[in-house]
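Enquirer: See start-v2.txt below, with compact mmCIF, C-alpha atoms and all ligand atoms.
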```
# COMPACT_ATOMS: atom_id res chain seq x y z
CA MET S 1 -38.30 77.96 44.07
CA LEU S 2 -38.04 79.15 40.49
CA ILE S 3 -37.12 76.69 37.77
CA GLY S 4 -35.91 77.80 34.35
CA VAL S 5 -37.18 75.56 31.56
CA MET S 6 -35.69 75.33 28.09
CA SER S 7 -35.50 72.90 25.22
CA ASP S 8 -34.22 72.27 21.72
CA SER S 9 -31.27 74.64 21.86
CA HIS S 10 -29.77 72.89 18.81
CA ASP S 11 -26.31 74.48 19.03
CA ARG S 12 -27.43 78.06 18.38
CA LEU S 13 -24.96 79.67 20.76
CA GLU S 14 -26.37 83.21 20.77
CA ALA S 15 -29.80 81.86 21.74
CA ILE S 16 -28.28 79.74 24.50
CA ARG S 17 -26.42 82.80 25.80
CA ALA S 18 -29.62 84.87 25.73
CA ALA S 19 -31.47 82.13 27.62
CA ILE S 20 -28.74 81.96 30.27
CA GLU S 21 -28.79 85.76 30.70
CA LYS S 22 -32.55 85.65 31.19
CA PHE S 23 -32.37 82.80 33.70
CA ASN S 24 -29.64 84.62 35.63
CA SER S 25 -31.58 87.89 35.68
CA GLU S 26 -34.71 86.06 36.89
CA SER S 27 -32.57 84.36 39.60
CA VAL S 28 -33.85 80.86 38.92
CA ASP S 29 -32.69 78.14 41.32
CA LEU S 30 -32.40 75.35 38.75
CA VAL S 31 -32.63 74.94 34.97
CA LEU S 32 -34.22 71.94 33.29
CA HIS S 33 -33.43 71.28 29.60
CA ALA S 34 -35.87 68.99 27.77
CA GLY S 35 -33.43 67.70 25.17
CA ASP S 36 -31.83 68.33 21.79
CA ILE S 37 -28.77 70.18 22.97
CA VAL S 38 -27.13 68.34 20.02
CA SER S 39 -23.36 69.01 20.07
CA PRO S 40 -21.31 68.69 23.24
CA PHE S 41 -19.40 71.91 22.46
CA SER S 42 -22.50 74.04 23.01
CA VAL S 43 -22.66 72.82 26.60
CA ARG S 44 -19.68 75.02 27.52
CA GLU S 45 -22.01 78.04 27.41
CA PHE S 46 -23.78 76.80 30.54
CA GLU S 47 -20.70 77.63 32.56
CA LYS S 48 -22.14 81.17 32.79
CA LEU S 49 -25.36 79.92 34.36
CA ASN S 50 -25.64 80.85 38.05
CA CYS S 51 -27.39 77.61 39.00
CA LYS S 52 -27.33 73.91 38.22
CA ILE S 53 -28.68 72.51 34.93
CA ILE S 54 -30.23 69.07 34.52
CA CYS S 55 -30.99 67.76 31.02
CA VAL S 56 -32.60 64.78 29.37
CA THR S 57 -31.60 63.42 25.98
CA GLY S 58 -33.61 64.22 22.86
CA ASN S 59 -33.81 62.51 19.47
CA ASN S 60 -31.01 64.69 18.05
CA ASP S 61 -28.57 64.08 20.90
CA GLY S 62 -26.32 61.58 19.15
CA ASP S 63 -23.50 61.33 21.67
CA PRO S 64 -24.92 61.24 25.21
CA THR S 65 -21.59 60.05 26.64
CA ALA S 66 -19.79 63.18 25.42
CA LEU S 67 -22.71 65.42 26.36
CA ARG S 68 -22.67 63.97 29.87
CA LYS S 69 -18.92 64.51 30.16
CA PHE S 70 -19.11 68.14 29.00
CA LEU S 71 -22.11 68.84 31.22
CA ALA S 72 -20.27 67.43 34.24
CA LYS S 73 -17.54 70.01 33.61
CA VAL S 74 -20.06 72.81 34.17
CA GLY S 75 -21.69 71.05 37.14
CA GLY S 76 -24.62 69.77 35.08
CA GLU S 77 -26.26 66.39 34.63
CA LEU S 78 -27.77 64.44 31.75
CA GLU S 79 -30.37 61.70 32.11
CA ASP S 80 -31.33 59.31 29.35
CA ILE S 81 -34.78 60.10 27.91
CA PHE S 82 -36.61 60.72 31.20
CA LEU S 83 -36.15 62.30 34.60
CA LYS S 84 -38.41 62.25 37.64
CA LEU S 85 -37.53 65.05 39.99
CA GLU S 86 -39.07 65.73 43.41
CA VAL S 87 -38.74 69.26 44.73
CA GLY S 88 -40.44 69.69 48.09
CA ASP S 89 -43.84 68.05 47.66
CA LYS S 90 -43.91 68.63 43.89
CA ARG S 91 -43.18 65.83 41.43
CA ILE S 92 -41.83 66.87 38.05
CA ALA S 93 -41.48 64.71 34.92
CA LEU S 94 -39.00 65.85 32.27
CA THR S 95 -38.80 64.20 28.85
CA HIS S 96 -38.09 65.33 25.30
CA GLY S 97 -41.52 64.37 23.99
CA GLU S 98 -40.99 62.84 20.58
CA TRP S 99 -43.82 60.42 21.40
CA PRO S 100 -46.94 62.47 22.30
CA GLU S 101 -48.61 59.30 23.64
CA VAL S 102 -45.88 58.99 26.27
CA VAL S 103 -46.35 62.61 27.34
CA GLU S 104 -50.10 61.99 27.55
CA ALA S 105 -49.51 58.87 29.67
CA LEU S 106 -47.30 60.85 32.06
CA ILE S 107 -50.01 63.49 32.43
CA LEU S 108 -52.75 60.91 33.03
CA SER S 109 -50.66 58.75 35.40
CA GLY S 110 -51.50 60.88 38.42
CA LYS S 111 -47.84 60.62 39.47
CA TYR S 112 -46.77 64.14 38.52
CA ASP S 113 -47.71 67.71 39.36
CA VAL S 114 -45.69 69.11 36.46
CA VAL S 115 -44.89 67.49 33.10
CA ILE S 116 -42.28 69.19 30.91
CA ASN S 117 -41.53 68.32 27.30
CA GLY S 118 -40.09 69.94 24.20
CA HIS S 119 -39.42 68.58 20.70
CA SER S 120 -42.28 70.32 18.87
CA HIS S 121 -40.56 73.76 19.02
CA GLU S 122 -44.03 75.15 19.76
CA ALA S 123 -44.31 76.76 23.19
CA SER S 124 -47.35 76.16 25.34
CA ILE S 125 -48.41 76.15 28.97
CA ARG S 126 -51.62 74.41 29.95
CA LYS S 127 -53.39 72.55 32.75
CA GLN S 128 -54.65 69.06 32.09
CA ASN S 129 -56.02 66.71 34.77
CA ASN S 130 -54.67 69.14 37.38
CA VAL S 131 -51.17 68.74 35.91
CA LEU S 132 -49.19 71.79 34.82
CA VAL S 133 -47.92 70.89 31.34
CA ILE S 134 -45.05 73.00 30.05
CA ASN S 135 -43.49 73.01 26.60
CA PRO S 136 -40.97 75.88 26.61
CA GLY S 137 -40.66 75.75 22.83
CA SER S 138 -37.21 76.13 21.31
CA CYS S 139 -34.89 78.94 22.37
CA SER S 140 -33.20 78.68 18.96
CA TYR S 141 -35.60 77.68 16.20
CA PRO S 142 -39.21 78.40 17.20
CA ILE S 143 -42.02 77.27 14.96
CA VAL S 144 -44.34 80.20 14.30
CA ASP S 145 -47.51 79.57 12.29
CA GLY S 146 -46.13 76.21 11.20
CA VAL S 147 -42.85 77.62 9.90
CA VAL S 148 -39.43 77.14 11.52
CA THR S 149 -37.89 80.54 12.21
CA ILE S 150 -34.57 81.76 13.57
CA GLY S 151 -34.65 84.04 16.57
CA LYS S 152 -37.44 85.13 18.92
CA GLY S 153 -37.17 81.79 20.63
CA THR S 154 -38.83 81.00 23.93
CA ILE S 155 -37.98 79.72 27.39
CA ALA S 156 -40.21 79.25 30.43
CA ILE S 157 -40.03 79.98 34.13
CA LEU S 158 -41.83 77.67 36.54
CA ASP S 159 -42.81 78.99 39.98
CA LEU S 160 -43.27 75.90 42.15
CA GLU S 161 -44.87 77.73 45.10
CA LYS S 162 -47.53 79.32 42.91
CA MET S 163 -47.69 76.27 40.62
CA SER S 164 -47.70 78.58 37.63
CA ALA S 165 -45.44 79.11 34.66
CA LYS S 166 -44.77 81.84 32.15
CA LEU S 167 -43.19 81.94 28.71
CA LEU S 168 -40.47 84.45 27.93
CA LYS S 169 -39.24 85.48 24.49
CA ILE S 170 -35.51 85.81 24.18
NI NI S 201 -36.50 66.84 19.07
```
Could you quickly redo this structure as structure tokens?
Ligand code: NI
Expert:
Amino acid sequence: MLIGVMSDSHDRLEAIRAAIEKFNSESVDLVLHAGDIVSPFSVREFEKLNCKIICVTGNNDGDPTALRKFLAKVGGELEDIFLKLEVGDKRIALTHGEWPEVVEALILSGKYDVVINGHSHEASIRKQNNVLVINPGSCSYPIVDGVVTIGKGTIAILDLEKMSAKLLKI
């Protein structure tokens, strides 16, 4: 089971398209989006995705009702703030991550094998307390050396059998 992980797409359509192409070429089974899609119109791009997408809201998602409606049209789902997902025997927490203390609490709770968050636009993959912690960064506006840049964004691929993840530049 391969899971595509992305976050903070912030309406940059060419980056969203590039992410979808990458996920399709890697044949992921599911995509998780950690928030800040922003405008409902950008959701239409996910029609080209070959698998289901599940999202959580981020601090810039001002109209969750419209986002949910547009996502439903492409077979996707939107949860408010947080999602707990069980795939096989693996428990995944997905949240945007604007409160680092909440992310830390999820990691330390012992209830999850994988914790995914975004918001910082800084990609990282690490192990903490035997939890795989994934921040895919932003596919649209990555922060490099403390500066917001356009392009060379990142996404991640999570391999649940191997319990490993990798970052991909798009
Ligand atoms: Ni954010």
Enquirer: If I take CA of Leu32 (chain S) and CA of Ile53 (chain S), how far is one from the other in Å, to one decimal?
Expert: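 Distance reported for this atom pair: 5.8 Å.
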Enquirer: List all protein, DNA and RNA residues that have an atom no more than 8 Å from any atom of ligand NI 201 (chain S), counting all atoms listed in the file, and report them as a list in words.
Expert: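 Those within range of ligand NI 201 (chain S) are Asp8, Gly35, Asp36, Gly58, Asn59, Asn60, His96, Gly97, Glu98, Gly118, His119 and Ser120 of chain S.
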Enquirer: Mind giving me the straight-line distance from CA of Val102 (chain S) to CA of Ala34 (chain S) in Å, one decimal?
Expert: 14.2 Å
Enquirer: Measuring between all atoms listed in the file, which one of S:Ile92, S:Ile170, S:Val31, S:Ala105 shows the shortest distance to Ser140 (chain S)?
Expert: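 For Ser140 (chain S), the nearest of the candidates is S:Ile170.
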Enquirer: Nearest to Pro142 (chain S) among S:Leu106, S:Ala123, S:Leu30, S:Leu160, with distances taken over all atoms listed in the file: which residue is it?
Expert: S:Ala123
Enquirer: Could you pull the residues within 12 Å of Arg17 (chain S), counting all atoms listed in the file, minus those fewer than 2 positions along the same chain, as a PyMOL selection string?
Expert: chain S and resi 9+11-15+19-24+42-49+139-140+153+170
Enquirer: Centre and edge lengths of an axis-aligned box around all listed atoms of region 90-99 of chain S, with 3 Å added on each side, are to be given in Å to one decimal, as AutoDock Vina command-line options.
Expert:
```
--center_x -41.0 --center_y 64.5 --center_z 32.2 --size_x 11.8 --size_y 14.2 --size_z 29.3
```
Enquirer: I want to know what sits within 10 Å of region 107-116 of chain S, based on all atoms listed in the file, with residues of the same chain fewer than 2 positions away left out; could you give that as a PyMOL selection string?
Expert: chain S and resi 5-7+32-34+83-86+89-97+101-105+118+125+127-136+158+160+163-164
Enquirer: If I take CA of Tyr141 (chain S) and CA of Gly76 (chain S), how far is one from the other in Å, to one decimal?
Expert: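 Result for CA of Tyr141 (chain S) versus CA of Gly76 (chain S): 23.2 Å, one decimal.
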